Amino acid sequence: MSKEPSDLFASIPLQWVGPARLVGDEVQDEVMIPLATYEEPLWPSVNRGAKVSMMTGGINTVVIDDRMARSILLEAPDAEAAAVTADCLRNRIEELQAVVRTTSRFAQLLDLHFQVVANLLYVRFELSTGDAAGHNMVTAAADALADWILKQYSDIRYVSISGNYCTDKKCSAVNGILGRGKYVVAEMTVPADICARALRTTPEQIVNLNIKKNLLGTMVAGGVRSANAHFANMLLGFYLATGQDAANIIEGSQGFTFAEVRHKALYFSVTLPNIIVGTVGAGKNLAFVQENLKRLGCLEEREPGDNARRLAVICAAAVLCGELSLLAAQTNAGELMKAHKKMERKSTAN
């Protein structure tokens, strides 16, 4: 007998790793990190980075910005009419903000951007969305805004609720420049002796590898506003464990790893302009997700948006831990493959 869709689930192994020490303004805590993945070596790898954070001053995290975007696509009679409409909308942002407030008690219009291509007008709306990731919230707001614009400007026609200038679940430069979701930087300083003991490498080796692999290698490959080793691995594991829309790792993984030697120690950071996470909304009502979010301290009574920002900085810390561990492993020939063979063959035998 076939089951109802709500009874069907895909089982993905989940483990908690850590704790990791976070010392930023959003989170000052020692936290365990949940990761759901089929790639078992990811757990000990992220755990190694977390151990390093406990041996040092911890991971400092900074939320640079917080906004979600949806772009609509409109059509004007010609390019001049499209440009004039864009100028008019720029000057009517307070009216547009009032329209948004009718769609949600949490949605707030922060800014808007325009691109004119021929007679087409792309309008990117950027909103704060409280503790929700905001996909549906910004779409509902964009629907209302499009209706309002069409009533105000009789020569403008509707083309699409999404014009790909958002940009949702696709690689693009615009999200890295303008941000979509939580823009978070995580950073840590690791003394040379801890690099040697915990990571079996040196600050100089990691800096050298980051330049030649992440920076130059990504340029050779034609990467789009991205220079990292494997942000997507940690993002996917964290997103699945906390009920996020996993497809958002596409834009989420567009970020930068930076490393340099400071006073003989390793300064190591990850910059993620597009962490798209929420603590309410679709996927968050599942029992295991609720339990994980509660354990992470992301279901507390706080100001709107604070729980989601806490979740985002823990996510960024997980990315830093996994990125540091992998780069350390890759400074030693053969170490990465040995770890995969050891864990994955043992798993297959079981």
# chains A, B, ... in the order shown; residues from 1 in each chain; ligands from 1

$ residues_around --residues "Thr102 of chain A" --least-positions-apart "5" --cutoff "12 Å" --atoms "only C-alpha atoms" --output "ChimeraX atom specification"
/A:95-97,107-109,137,140-145,148

$ write_last_selection --atoms "N, CA and C atoms" --output "PDB file, in the first residue's frame"
ATOM      1  N   GLU A  95       6.334  54.778  -0.023  1.00  0.00           N
ATOM      2  CA  GLU A  95       5.057  54.179  -0.421  1.00  0.00           C
ATOM      3  C   GLU A  95       5.210  52.676  -0.634  1.00  0.00           C
ATOM      4  N   LEU A  96       6.316  52.286  -1.222  1.00  0.00           N
ATOM      5  CA  LEU A  96       6.578  50.864  -1.412  1.00  0.00           C
ATOM      6  C   LEU A  96       6.731  50.157  -0.066  1.00  0.00           C
ATOM      7  N   GLN A  97       7.368  50.799   0.888  1.00  0.00           N
ATOM      8  CA  GLN A  97       7.524  50.212   2.221  1.00  0.00           C
ATOM      9  C   GLN A  97       6.165  50.018   2.889  1.00  0.00           C
ATOM     10  N   ALA A 107       7.969  41.597   7.650  1.00  0.00           N
ATOM     11  CA  ALA A 107       8.665  42.042   6.442  1.00  0.00           C
ATOM     12  C   ALA A 107       8.832  43.560   6.439  1.00  0.00           C
ATOM     13  N   GLN A 108      10.042  44.000   6.122  1.00  0.00           N
ATOM     14  CA  GLN A 108      10.332  45.425   5.979  1.00  0.00           C
ATOM     15  C   GLN A 108      11.189  45.636   4.738  1.00  0.00           C
ATOM     16  N   LEU A 109      10.775  46.533   3.870  1.00  0.00           N
ATOM     17  CA  LEU A 109      11.544  46.837   2.669  1.00  0.00           C
ATOM     18  C   LEU A 109      12.734  47.707   3.043  1.00  0.00           C
ATOM     19  N   MET A 137       8.037  35.046   2.232  1.00  0.00           N
ATOM     20  CA  MET A 137       7.731  36.395   2.685  1.00  0.00           C
ATOM     21  C   MET A 137       8.075  37.434   1.624  1.00  0.00           C
ATOM     22  N   ALA A 140       5.624  37.075  -1.391  1.00  0.00           N
ATOM     23  CA  ALA A 140       4.327  37.689  -1.115  1.00  0.00           C
ATOM     24  C   ALA A 140       4.421  39.216  -1.212  1.00  0.00           C
ATOM     25  N   ALA A 141       5.512  39.760  -0.685  1.00  0.00           N
ATOM     26  CA  ALA A 141       5.710  41.209  -0.766  1.00  0.00           C
ATOM     27  C   ALA A 141       5.884  41.649  -2.218  1.00  0.00           C
ATOM     28  N   ALA A 142       6.658  40.876  -2.987  1.00  0.00           N
ATOM     29  CA  ALA A 142       6.883  41.221  -4.391  1.00  0.00           C
ATOM     30  C   ALA A 142       5.585  41.165  -5.191  1.00  0.00           C
ATOM     31  N   ASP A 143       4.723  40.206  -4.893  1.00  0.00           N
ATOM     32  CA  ASP A 143       3.409  40.131  -5.542  1.00  0.00           C
ATOM     33  C   ASP A 143       2.631  41.418  -5.315  1.00  0.00           C
ATOM     34  N   ALA A 144       2.587  41.834  -4.051  1.00  0.00           N
ATOM     35  CA  ALA A 144       1.839  43.048  -3.711  1.00  0.00           C
ATOM     36  C   ALA A 144       2.463  44.284  -4.345  1.00  0.00           C
ATOM     37  N   LEU A 145       3.772  44.342  -4.363  1.00  0.00           N
ATOM     38  CA  LEU A 145       4.469  45.481  -4.965  1.00  0.00           C
ATOM     39  C   LEU A 145       4.245  45.542  -6.473  1.00  0.00           C
ATOM     40  N   TRP A 148       0.822  46.877  -7.126  1.00  0.00           N
ATOM     41  CA  TRP A 148       0.784  48.321  -6.875  1.00  0.00           C
ATOM     42  C   TRP A 148       1.419  49.086  -8.030  1.00  0.00           C
TER      43      TRP A 148
END

$ closest_atom_pairs --of "segment 267-337 of chain A" --to "segment 196-217 of chain A" --cutoff "10 Å" --atoms "only C-alpha atoms" --output "JSON lines"
{"residue": "A:Tyr267", "atom": "CA", "partner": "A:Pro203", "partner_atom": "CA", "distance": 8.1}
{"residue": "A:Phe268", "atom": "CA", "partner": "A:Val207", "partner_atom": "CA", "distance": 8.7}
{"residue": "A:Leu324", "atom": "CA", "partner": "A:Ile206", "partner_atom": "CA", "distance": 8.5}
{"residue": "A:Ser325", "atom": "CA", "partner": "A:Leu199", "partner_atom": "CA", "distance": 7.0}
{"residue": "A:Leu326", "atom": "CA", "partner": "A:Leu199", "partner_atom": "CA", "distance": 9.5}
{"residue": "A:Leu327", "atom": "CA", "partner": "A:Ile206", "partner_atom": "CA", "distance": 6.4}
{"residue": "A:Ala328", "atom": "CA", "partner": "A:Leu199", "partner_atom": "CA", "distance": 5.9}
{"residue": "A:Ala329", "atom": "CA", "partner": "A:Leu199", "partner_atom": "CA", "distance": 7.4}
{"residue": "A:Gln330", "atom": "CA", "partner": "A:Leu209", "partner_atom": "CA", "distance": 8.1}
{"residue": "A:Thr331", "atom": "CA", "partner": "A:Gln205", "partner_atom": "CA", "distance": 6.4}
{"residue": "A:Asn332", "atom": "CA", "partner": "A:Thr201", "partner_atom": "CA", "distance": 7.7}

$ residues_around --residues "Ile276 of chain A" --least-positions-apart "5" --cutoff "9 Å" --atoms "only C-alpha atoms" --output "NGL selection string"
:A and (68 or 133-134 or 180-182 or 244-245 or 248-249 or 251-252 or 312)

$ closest_residue --among "A:Val280, A:Ala316, A:Leu286, A:Val31" --to "Tyr183 of chain A" --atoms "only C-alpha atoms"
A:Ala316

$ residues_around --residues "segment 111-119 of chain A" --least-positions-apart "3" --cutoff "12 Å" --atoms "only C-alpha atoms" --output "ChimeraX atom specification"
/A:66-94,96-97,100,108,122-128,142,145,155-157,159,163-166,174,178-179

$ decode --residues "segment 109-214 of chain A" --atoms "C-alpha atoms" --output "PDB file, in the first residue's frame"
ATOM      1  CA  LEU A 109      11.544  46.837   2.669  1.00  0.00           C
ATOM      2  CA  LEU A 110      15.164  47.928   3.092  1.00  0.00           C
ATOM      3  CA  ASP A 111      16.242  48.839  -0.419  1.00  0.00           C
ATOM      4  CA  LEU A 112      15.616  48.307  -4.121  1.00  0.00           C
ATOM      5  CA  HIS A 113      17.881  48.027  -7.163  1.00  0.00           C
ATOM      6  CA  PHE A 114      17.205  48.245 -10.890  1.00  0.00           C
ATOM      7  CA  GLN A 115      18.568  46.935 -14.156  1.00  0.00           C
ATOM      8  CA  VAL A 116      17.201  48.047 -17.530  1.00  0.00           C
ATOM      9  CA  VAL A 117      17.776  45.741 -20.500  1.00  0.00           C
ATOM     10  CA  ALA A 118      16.157  46.997 -23.717  1.00  0.00           C
ATOM     11  CA  ASN A 119      12.577  47.770 -22.632  1.00  0.00           C
ATOM     12  CA  LEU A 120      12.703  45.325 -19.710  1.00  0.00           C
ATOM     13  CA  LEU A 121      12.817  46.566 -16.123  1.00  0.00           C
ATOM     14  CA  TYR A 122      14.311  44.266 -13.454  1.00  0.00           C
ATOM     15  CA  VAL A 123      13.474  45.405  -9.927  1.00  0.00           C
ATOM     16  CA  ARG A 124      15.250  43.757  -6.986  1.00  0.00           C
ATOM     17  CA  PHE A 125      13.502  44.244  -3.644  1.00  0.00           C
ATOM     18  CA  GLU A 126      15.532  43.614  -0.474  1.00  0.00           C
ATOM     19  CA  LEU A 127      13.718  42.968   2.783  1.00  0.00           C
ATOM     20  CA  SER A 128      14.354  42.034   6.387  1.00  0.00           C
ATOM     21  CA  THR A 129      12.301  38.955   7.269  1.00  0.00           C
ATOM     22  CA  GLY A 130      12.633  38.390  11.019  1.00  0.00           C
ATOM     23  CA  ASP A 131      13.486  34.812  11.988  1.00  0.00           C
ATOM     24  CA  ALA A 132      12.286  33.353   8.671  1.00  0.00           C
ATOM     25  CA  ALA A 133      14.672  32.572   5.841  1.00  0.00           C
ATOM     26  CA  GLY A 134      12.175  34.666   3.913  1.00  0.00           C
ATOM     27  CA  HIS A 135      11.547  32.956   0.561  1.00  0.00           C
ATOM     28  CA  ASN A 136       7.766  33.101   0.828  1.00  0.00           C
ATOM     29  CA  MET A 137       7.731  36.395   2.685  1.00  0.00           C
ATOM     30  CA  VAL A 138       9.632  38.261  -0.028  1.00  0.00           C
ATOM     31  CA  THR A 139       7.585  36.608  -2.768  1.00  0.00           C
ATOM     32  CA  ALA A 140       4.327  37.689  -1.115  1.00  0.00           C
ATOM     33  CA  ALA A 141       5.710  41.209  -0.766  1.00  0.00           C
ATOM     34  CA  ALA A 142       6.883  41.221  -4.391  1.00  0.00           C
ATOM     35  CA  ASP A 143       3.409  40.131  -5.542  1.00  0.00           C
ATOM     36  CA  ALA A 144       1.839  43.048  -3.711  1.00  0.00           C
ATOM     37  CA  LEU A 145       4.469  45.481  -4.965  1.00  0.00           C
ATOM     38  CA  ALA A 146       4.032  44.352  -8.558  1.00  0.00           C
ATOM     39  CA  ASP A 147       0.266  44.847  -8.315  1.00  0.00           C
ATOM     40  CA  TRP A 148       0.784  48.321  -6.875  1.00  0.00           C
ATOM     41  CA  ILE A 149       3.260  49.309  -9.607  1.00  0.00           C
ATOM     42  CA  LEU A 150       0.969  48.083 -12.387  1.00  0.00           C
ATOM     43  CA  LYS A 151      -1.875  50.182 -10.991  1.00  0.00           C
ATOM     44  CA  GLN A 152       0.338  53.254 -10.701  1.00  0.00           C
ATOM     45  CA  TYR A 153       1.917  53.014 -14.168  1.00  0.00           C
ATOM     46  CA  SER A 154      -0.538  52.064 -16.899  1.00  0.00           C
ATOM     47  CA  ASP A 155       2.114  51.563 -19.592  1.00  0.00           C
ATOM     48  CA  ILE A 156       4.005  48.941 -17.554  1.00  0.00           C
ATOM     49  CA  ARG A 157       3.211  45.235 -18.016  1.00  0.00           C
ATOM     50  CA  TYR A 158       3.876  42.185 -15.855  1.00  0.00           C
ATOM     51  CA  VAL A 159       6.362  39.550 -17.081  1.00  0.00           C
ATOM     52  CA  SER A 160       7.357  37.460 -14.037  1.00  0.00           C
ATOM     53  CA  ILE A 161       7.326  37.428 -10.240  1.00  0.00           C
ATOM     54  CA  SER A 162      10.993  36.390 -10.441  1.00  0.00           C
ATOM     55  CA  GLY A 163      13.334  37.913 -12.985  1.00  0.00           C
ATOM     56  CA  ASN A 164      16.503  36.013 -11.888  1.00  0.00           C
ATOM     57  CA  TYR A 165      18.019  39.250 -10.585  1.00  0.00           C
ATOM     58  CA  CYS A 166      17.265  37.934  -7.055  1.00  0.00           C
ATOM     59  CA  THR A 167      19.268  35.602  -7.538  1.00  0.00           C
ATOM     60  CA  ASP A 168      17.667  32.454  -6.067  1.00  0.00           C
ATOM     61  CA  LYS A 169      19.610  29.149  -6.040  1.00  0.00           C
ATOM     62  CA  LYS A 170      21.930  30.082  -8.881  1.00  0.00           C
ATOM     63  CA  CYS A 171      25.546  31.226  -9.097  1.00  0.00           C
ATOM     64  CA  SER A 172      25.776  34.968  -9.683  1.00  0.00           C
ATOM     65  CA  ALA A 173      27.900  37.991  -8.911  1.00  0.00           C
ATOM     66  CA  VAL A 174      25.010  40.126  -7.670  1.00  0.00           C
ATOM     67  CA  ASN A 175      24.362  38.189  -4.470  1.00  0.00           C
ATOM     68  CA  GLY A 176      28.001  38.394  -3.456  1.00  0.00           C
ATOM     69  CA  ILE A 177      27.956  42.132  -4.073  1.00  0.00           C
ATOM     70  CA  LEU A 178      24.572  43.025  -2.574  1.00  0.00           C
ATOM     71  CA  GLY A 179      24.105  40.066  -0.216  1.00  0.00           C
ATOM     72  CA  ARG A 180      21.169  37.668   0.061  1.00  0.00           C
ATOM     73  CA  GLY A 181      20.486  36.236   3.499  1.00  0.00           C
ATOM     74  CA  LYS A 182      22.952  36.707   6.340  1.00  0.00           C
ATOM     75  CA  TYR A 183      26.346  38.131   5.392  1.00  0.00           C
ATOM     76  CA  VAL A 184      28.674  36.606   7.992  1.00  0.00           C
ATOM     77  CA  VAL A 185      32.430  36.603   8.572  1.00  0.00           C
ATOM     78  CA  ALA A 186      33.993  34.039  10.921  1.00  0.00           C
ATOM     79  CA  GLU A 187      37.657  34.348  11.945  1.00  0.00           C
ATOM     80  CA  MET A 188      40.135  32.676  14.249  1.00  0.00           C
ATOM     81  CA  THR A 189      43.815  33.057  15.147  1.00  0.00           C
ATOM     82  CA  VAL A 190      45.740  29.803  15.636  1.00  0.00           C
ATOM     83  CA  PRO A 191      49.222  29.875  17.216  1.00  0.00           C
ATOM     84  CA  ALA A 192      51.934  27.959  15.373  1.00  0.00           C
ATOM     85  CA  ASP A 193      52.312  25.332  18.104  1.00  0.00           C
ATOM     86  CA  ILE A 194      48.596  24.488  17.917  1.00  0.00           C
ATOM     87  CA  CYS A 195      48.827  24.277  14.130  1.00  0.00           C
ATOM     88  CA  ALA A 196      51.583  21.716  14.603  1.00  0.00           C
ATOM     89  CA  ARG A 197      49.873  19.687  17.342  1.00  0.00           C
ATOM     90  CA  ALA A 198      46.222  19.760  16.234  1.00  0.00           C
ATOM     91  CA  LEU A 199      46.493  20.214  12.478  1.00  0.00           C
ATOM     92  CA  ARG A 200      49.924  18.694  11.712  1.00  0.00           C
ATOM     93  CA  THR A 201      50.894  21.685   9.585  1.00  0.00           C
ATOM     94  CA  THR A 202      52.217  25.241   9.824  1.00  0.00           C
ATOM     95  CA  PRO A 203      50.638  28.662   9.325  1.00  0.00           C
ATOM     96  CA  GLU A 204      52.916  29.224   6.339  1.00  0.00           C
ATOM     97  CA  GLN A 205      51.800  26.009   4.644  1.00  0.00           C
ATOM     98  CA  ILE A 206      48.108  26.851   4.999  1.00  0.00           C
ATOM     99  CA  VAL A 207      48.597  30.400   3.703  1.00  0.00           C
ATOM    100  CA  ASN A 208      50.608  29.093   0.740  1.00  0.00           C
ATOM    101  CA  LEU A 209      47.978  26.461  -0.096  1.00  0.00           C
ATOM    102  CA  ASN A 210      45.111  28.937   0.211  1.00  0.00           C
ATOM    103  CA  ILE A 211      46.786  31.266  -2.293  1.00  0.00           C
ATOM    104  CA  LYS A 212      47.657  28.575  -4.810  1.00  0.00           C
ATOM    105  CA  LYS A 213      44.530  26.396  -4.480  1.00  0.00           C
ATOM    106  CA  ASN A 214      41.626  28.573  -3.352  1.00  0.00           C
TER     107      ASN A 214
END
